[in-house]
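Source file: upload02.txt (compact mmCIF, C-alpha atoms)
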```
# COMPACT_ATOMS: atom_id res chain seq x y z
CA MET B 1 11.08 39.37 6.73
CA SER B 2 8.00 38.81 8.90
CA LEU B 3 6.27 35.47 9.32
CA ASP B 4 3.28 36.77 7.34
CA ASP B 5 5.59 37.88 4.53
CA ALA B 6 7.40 34.53 4.48
CA LYS B 7 4.11 32.60 4.31
CA SER B 8 2.76 34.91 1.63
CA LEU B 9 5.89 34.53 -0.49
CA ALA B 10 5.74 30.72 -0.28
CA GLN B 11 2.04 30.65 -1.22
CA GLU B 12 2.42 33.15 -4.05
CA MET B 13 5.17 31.02 -5.56
CA GLU B 14 2.95 27.91 -5.31
CA ARG B 15 0.34 29.72 -7.41
CA GLU B 16 2.98 31.01 -9.83
CA ILE B 17 4.18 27.43 -10.38
CA VAL B 18 0.66 26.30 -11.33
CA GLN B 19 0.22 29.37 -13.56
CA SER B 20 3.38 28.39 -15.45
CA LEU B 21 1.54 25.38 -16.88
CA PRO B 22 -0.33 25.58 -20.19
CA PRO B 23 -3.83 27.04 -19.69
CA GLY B 24 -6.46 24.50 -18.67
CA LEU B 25 -3.95 21.80 -17.67
CA ALA B 26 -4.42 22.26 -13.90
CA THR B 27 -7.81 22.38 -12.17
CA ASN B 28 -9.22 22.08 -8.64
CA LEU B 29 -6.40 23.88 -6.87
CA GLU B 30 -6.30 23.31 -3.12
CA GLN B 31 -3.85 25.50 -1.27
CA GLN B 32 -3.20 24.82 2.40
CA GLU B 33 -4.54 27.63 4.56
CA LYS B 34 -2.20 26.76 7.42
CA GLY B 35 1.24 25.24 7.52
CA ALA B 36 3.88 24.18 10.01
CA LEU B 37 6.85 26.13 11.29
CA LEU B 38 9.86 23.89 10.68
CA PRO B 39 13.41 24.37 11.94
CA CYS B 40 15.80 25.49 9.23
CA SER B 41 18.96 26.36 11.14
CA ARG B 42 20.84 25.31 14.23
CA ASP B 43 20.26 28.66 15.88
CA GLY B 44 16.46 28.39 16.05
CA ALA B 45 15.28 30.04 12.83
CA ARG B 46 12.15 28.58 11.21
CA GLN B 47 10.47 28.41 7.85
CA TRP B 48 6.79 28.26 7.04
CA ALA B 49 6.03 24.97 5.27
CA GLY B 50 2.84 24.42 3.30
CA GLY B 51 1.65 23.16 0.00
CA LEU B 52 -0.79 23.09 -2.88
CA THR B 53 -2.33 20.29 -4.91
CA ALA B 54 -4.07 20.45 -8.28
CA ASN B 55 -5.63 17.96 -10.64
CA ILE B 56 -4.01 17.55 -14.05
CA VAL B 57 -6.41 17.32 -17.00
CA GLY B 58 -5.91 14.54 -19.54
CA ASP B 59 -2.96 12.22 -19.28
CA PRO B 60 0.06 14.32 -20.29
CA ALA B 61 3.51 12.82 -20.19
CA PRO B 62 5.48 13.82 -17.09
CA GLU B 63 7.87 15.93 -19.16
CA GLU B 64 4.92 18.00 -20.46
CA VAL B 65 4.08 18.97 -16.88
CA ILE B 66 7.40 19.04 -15.02
CA GLY B 67 9.31 20.20 -18.11
CA ALA B 68 6.94 23.15 -18.58
CA ILE B 69 7.50 24.23 -14.98
CA ALA B 70 11.28 23.77 -15.11
CA ASP B 71 11.54 25.65 -18.41
CA SER B 72 9.37 28.48 -17.10
CA PHE B 73 11.68 29.15 -14.16
CA ALA B 74 15.03 28.38 -15.81
CA GLY B 75 17.27 31.40 -16.10
CA ARG B 76 15.81 33.32 -13.18
CA ASP B 77 18.48 34.92 -11.02
CA ASP B 78 16.56 34.33 -7.78
CA LEU B 79 16.01 30.57 -8.26
CA SER B 80 17.92 27.44 -9.13
CA VAL B 81 16.08 24.63 -10.89
CA SER B 82 16.83 20.93 -10.66
CA ARG B 83 15.00 17.84 -11.88
CA ARG B 84 15.03 14.27 -10.62
CA GLU B 85 12.98 11.13 -10.45
CA ASN B 86 11.68 9.71 -7.17
CA GLN B 87 9.63 6.54 -6.79
CA GLY B 88 8.71 6.67 -10.46
CA ASP B 89 7.52 10.30 -10.37
CA LEU B 90 9.27 13.18 -12.09
CA LEU B 91 10.09 16.10 -9.77
CA VAL B 92 11.41 19.60 -10.13
CA THR B 93 12.89 21.54 -7.23
CA LEU B 94 13.00 25.32 -7.23
CA SER B 95 15.47 26.63 -4.65
CA GLY B 96 15.38 30.28 -3.69
CA VAL B 97 17.01 32.68 -1.29
CA ASN B 98 17.63 31.88 2.36
CA GLN B 99 16.71 28.19 2.06
CA SER B 100 13.31 28.74 0.44
CA MET B 101 12.28 25.75 -1.66
CA TRP B 102 9.40 24.36 -3.72
CA VAL B 103 9.35 20.67 -4.59
CA VAL B 104 6.91 19.88 -7.39
CA ARG B 105 5.85 16.29 -8.09
CA TYR B 106 3.58 15.11 -10.89
CA ILE B 107 1.85 11.93 -9.77
CA ARG B 108 0.57 10.67 -13.11
CA THR B 109 -1.34 7.67 -11.69
CA ARG B 110 -3.48 10.09 -9.65
CA ALA B 111 -3.46 12.90 -12.23
CA GLU B 112 -2.20 15.19 -9.48
CA LEU B 113 0.37 17.94 -9.14
CA ASP B 114 1.74 18.22 -5.61
CA ILE B 115 3.76 21.22 -4.46
CA ASP B 116 5.54 21.24 -1.11
CA SER B 117 6.87 24.63 -0.15
CA GLY B 118 9.18 26.14 2.41
CA SER B 119 9.51 29.86 2.92
CA PRO B 120 12.79 31.64 3.47
CA CYS B 121 14.34 30.90 6.85
CA ILE B 122 13.31 33.60 9.37
CA ARG B 123 13.38 34.44 13.06
CA LEU B 124 10.00 34.08 14.74
CA PRO B 125 8.64 36.82 16.98
CA ASP B 126 8.86 35.96 20.68
CA ASP B 127 5.08 35.60 20.94
CA VAL B 128 4.82 32.90 18.22
CA TRP B 129 4.99 29.31 19.45
CA PRO B 130 6.90 27.30 16.82
CA GLY B 131 5.01 24.07 17.55
CA GLY B 132 1.64 25.26 16.28
CA SER B 133 0.21 25.61 12.83
CA TYR B 134 0.17 29.00 11.20
```
Translate the structure described by the file into structure tokens.
Amino acid sequence: MSLDDAKSLAQEMEREIVQSLPPGLATNLEQQEKGALLPCSRDGARQWAGGLTANIVGDPAPEEVIGAIADSFAGRDDLSVSRRENQGDLLVTLSGVNQSMWVVRYIRTRAELDIDSGSPCIRLPDDVWPGGSY
């Protein structure tokens, strides 16, 4: 998988997560144009890490937001779904192939959905410096 393909896959999944919500629940989507290249293995492989934020309309209960996302992706062969609470916020983690991951947090006090993503772990081309943003 190329770096462009890995980044594209991570960003497409971010949008798919938001689209899994009931229509009109998420507005003002802001997807990061560039992300970081983070280490994901001891042998030098990297993953593209980015994210997306969206405003949540109204004041839905956390389960209405996180539960809708978790239910939408449950049963898929290419993902595992887990839920947890962290610092009072409900989270769902979608784990995919080759260490790809999307952590979705609903921050009710800010009416915000925050998605942190990591692409599958890949080898960078020799001409790509891993310390820059991409």
All residues 8 Å or closer to Ile17 in chain B, all atoms listed in the file, same chain fewer than 4 positions away omitted, as a PyMOL selection string: chain B and resi 13+21+69
Contacts of range 127-133 of chain B within 6 Å, only C-alpha atoms, excl. fewer than 3 positions in-chain, as a ChimeraX atom specification: /B:35-37
Spatial neighbours of range 84-86 of chain B, 12 Å, all atoms listed in the file, chain gap at least 4 places, as a PyMOL selection string: chain B and resi 62-63+66-67+70+90-94+103-107
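Nearest to Met101 in chain B of all the residues B:Gly88, B:Gly44, B:Gly118, B:Pro60 is B:Gly118, based on only C-alpha atoms.
Checking B:Ile115, B:Leu25, B:Leu3, B:Leu38 one by one against Ala68 in chain B, counting all atoms listed in the file, you find the shortest gap at B:Leu25.
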Length of the CA of Ala45 in chain B to CA of Asp77 in chain B vector [Å]: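 One can read the CA of Ala45 in chain B to CA of Asp77 in chain B distance as 24.6 Å.
Among the candidates B:Asn55, B:Ser95, B:Gln32, B:Ser20, the residue lying nearest to Arg108 in chain B is B:Asn55 (atoms considered: all atoms listed in the file).
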For CA of Gly58 in chain B and CA of Glu30 in chain B, the interatomic separation in Å (one decimal): 18.6 Å
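From CA of Val97 in chain B back to CA of Ala74 in chain B, the distance works out to 15.3 Å.
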Pick from B:Asn28, B:Ser80, B:Gln11, B:Thr109, whichever lies nearest to Gly50 in chain B using all atoms listed in the file: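 Going through B:Asn28, B:Ser80, B:Gln11, B:Thr109 one by one, the smallest distance to Gly50 in chain B is for B:Gln11.
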Nearest candidate to Gly24 in chain B (options B:Leu113, B:Cys121, B:Ile56, B:Leu79; using all atoms listed in the file): B:Ile56
Among the residues B:Ser8, B:Ser82, B:Ser72, B:Ser2, the one that comes closest to Ala49 in chain B [using all atoms listed in the file]: B:Ser8
Test item: residues at most 7 Å from Ala6 in chain B, only C-alpha atoms, excluding those fewer than 5 positions along its chain, as a ChimeraX atom specification: /B:1,48,119-120
Would you save range 26-117 of chain B to a file, keeping C-alpha atoms, as a short mmCIF file (atom, residue, chain, number, x, y, z; two decimals), in the first residue's frame?
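Generated output (result.cif):
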```
data_model
loop_
_atom_site.label_atom_id
_atom_site.label_comp_id
_atom_site.auth_asym_id
_atom_site.auth_seq_id
_atom_site.Cartn_x
_atom_site.Cartn_y
_atom_site.Cartn_z
CA ALA B 26 -23.20 16.17 12.60
CA THR B 27 -22.35 19.53 11.02
CA ASN B 28 -19.27 21.67 10.33
CA LEU B 29 -16.93 18.81 9.50
CA GLU B 30 -13.26 19.74 9.59
CA GLN B 31 -10.93 17.08 8.25
CA GLN B 32 -7.19 17.54 8.65
CA GLU B 33 -5.52 18.11 5.30
CA LYS B 34 -2.15 16.96 6.62
CA GLY B 35 -1.16 14.49 9.27
CA ALA B 36 1.92 13.06 10.92
CA LEU B 37 3.83 9.91 10.06
CA LEU B 38 4.04 7.95 13.31
CA PRO B 39 6.12 4.86 14.02
CA CYS B 40 4.04 1.70 14.22
CA SER B 41 6.63 -1.07 14.34
CA ARG B 42 10.12 -1.69 15.63
CA ASP B 43 11.46 -2.13 12.12
CA GLY B 44 10.71 1.42 10.94
CA ALA B 45 7.25 1.16 9.38
CA ARG B 46 4.96 4.19 9.77
CA GLN B 47 1.30 5.05 9.73
CA TRP B 48 -0.37 8.24 8.61
CA ALA B 49 -2.17 9.82 11.57
CA GLY B 50 -4.83 12.47 11.15
CA GLY B 51 -8.29 13.33 12.28
CA LEU B 52 -11.67 14.93 11.80
CA THR B 53 -13.91 16.97 14.06
CA ALA B 54 -17.61 17.75 13.69
CA ASN B 55 -20.19 19.63 15.71
CA ILE B 56 -23.09 17.60 17.10
CA VAL B 57 -26.53 19.22 16.80
CA GLY B 58 -28.77 19.32 19.86
CA ASP B 59 -27.73 17.63 23.05
CA PRO B 60 -28.04 13.90 22.37
CA ALA B 61 -27.05 11.40 25.01
CA PRO B 62 -23.60 9.91 24.43
CA GLU B 63 -25.09 6.50 23.63
CA GLU B 64 -27.14 8.07 20.80
CA VAL B 65 -23.91 9.20 19.15
CA ILE B 66 -21.30 6.59 20.08
CA GLY B 67 -23.87 3.78 20.10
CA ALA B 68 -25.00 4.65 16.57
CA ILE B 69 -21.41 4.50 15.33
CA ALA B 70 -20.60 1.25 17.17
CA ASP B 71 -23.80 -0.41 15.94
CA SER B 72 -23.15 0.71 12.37
CA PHE B 73 -19.76 -0.99 12.25
CA ALA B 74 -20.51 -4.05 14.40
CA GLY B 75 -20.36 -7.29 12.49
CA ARG B 76 -17.94 -6.12 9.81
CA ASP B 77 -15.25 -8.67 9.06
CA ASP B 78 -12.56 -6.03 8.49
CA LEU B 79 -13.04 -4.18 11.81
CA SER B 80 -13.31 -4.85 15.50
CA VAL B 81 -15.37 -2.49 17.62
CA SER B 82 -14.83 -1.67 21.28
CA ARG B 83 -16.36 0.91 23.60
CA ARG B 84 -15.02 2.54 26.74
CA GLU B 85 -15.24 5.64 28.85
CA ASN B 86 -12.33 8.05 29.27
CA GLN B 87 -12.36 11.20 31.38
CA GLY B 88 -16.15 11.19 31.38
CA ASP B 89 -16.47 10.88 27.59
CA LEU B 90 -17.81 7.81 25.80
CA LEU B 91 -15.46 6.44 23.12
CA VAL B 92 -15.60 3.82 20.44
CA THR B 93 -12.49 2.36 18.83
CA LEU B 94 -12.59 0.78 15.40
CA SER B 95 -9.53 -1.39 14.78
CA GLY B 96 -8.75 -2.53 11.27
CA VAL B 97 -6.10 -4.42 9.36
CA ASN B 98 -2.39 -3.89 9.87
CA GLN B 99 -2.78 -1.69 12.97
CA SER B 100 -5.20 0.80 11.40
CA MET B 101 -7.39 2.45 14.03
CA TRP B 102 -10.03 5.13 14.51
CA VAL B 103 -10.77 6.42 18.00
CA VAL B 104 -14.05 8.33 18.17
CA ARG B 105 -14.86 10.52 21.16
CA TYR B 106 -18.10 12.42 21.77
CA ILE B 107 -17.33 15.45 23.92
CA ARG B 108 -20.83 16.37 25.02
CA THR B 109 -19.82 19.56 26.89
CA ARG B 110 -18.45 20.97 23.62
CA ALA B 111 -21.04 19.31 21.36
CA GLU B 112 -18.14 17.87 19.38
CA LEU B 113 -17.28 14.57 17.76
CA ASP B 114 -13.53 13.99 17.57
CA ILE B 115 -12.03 11.25 15.40
CA ASP B 116 -8.34 10.36 15.63
CA SER B 117 -7.21 8.05 12.88
#
```
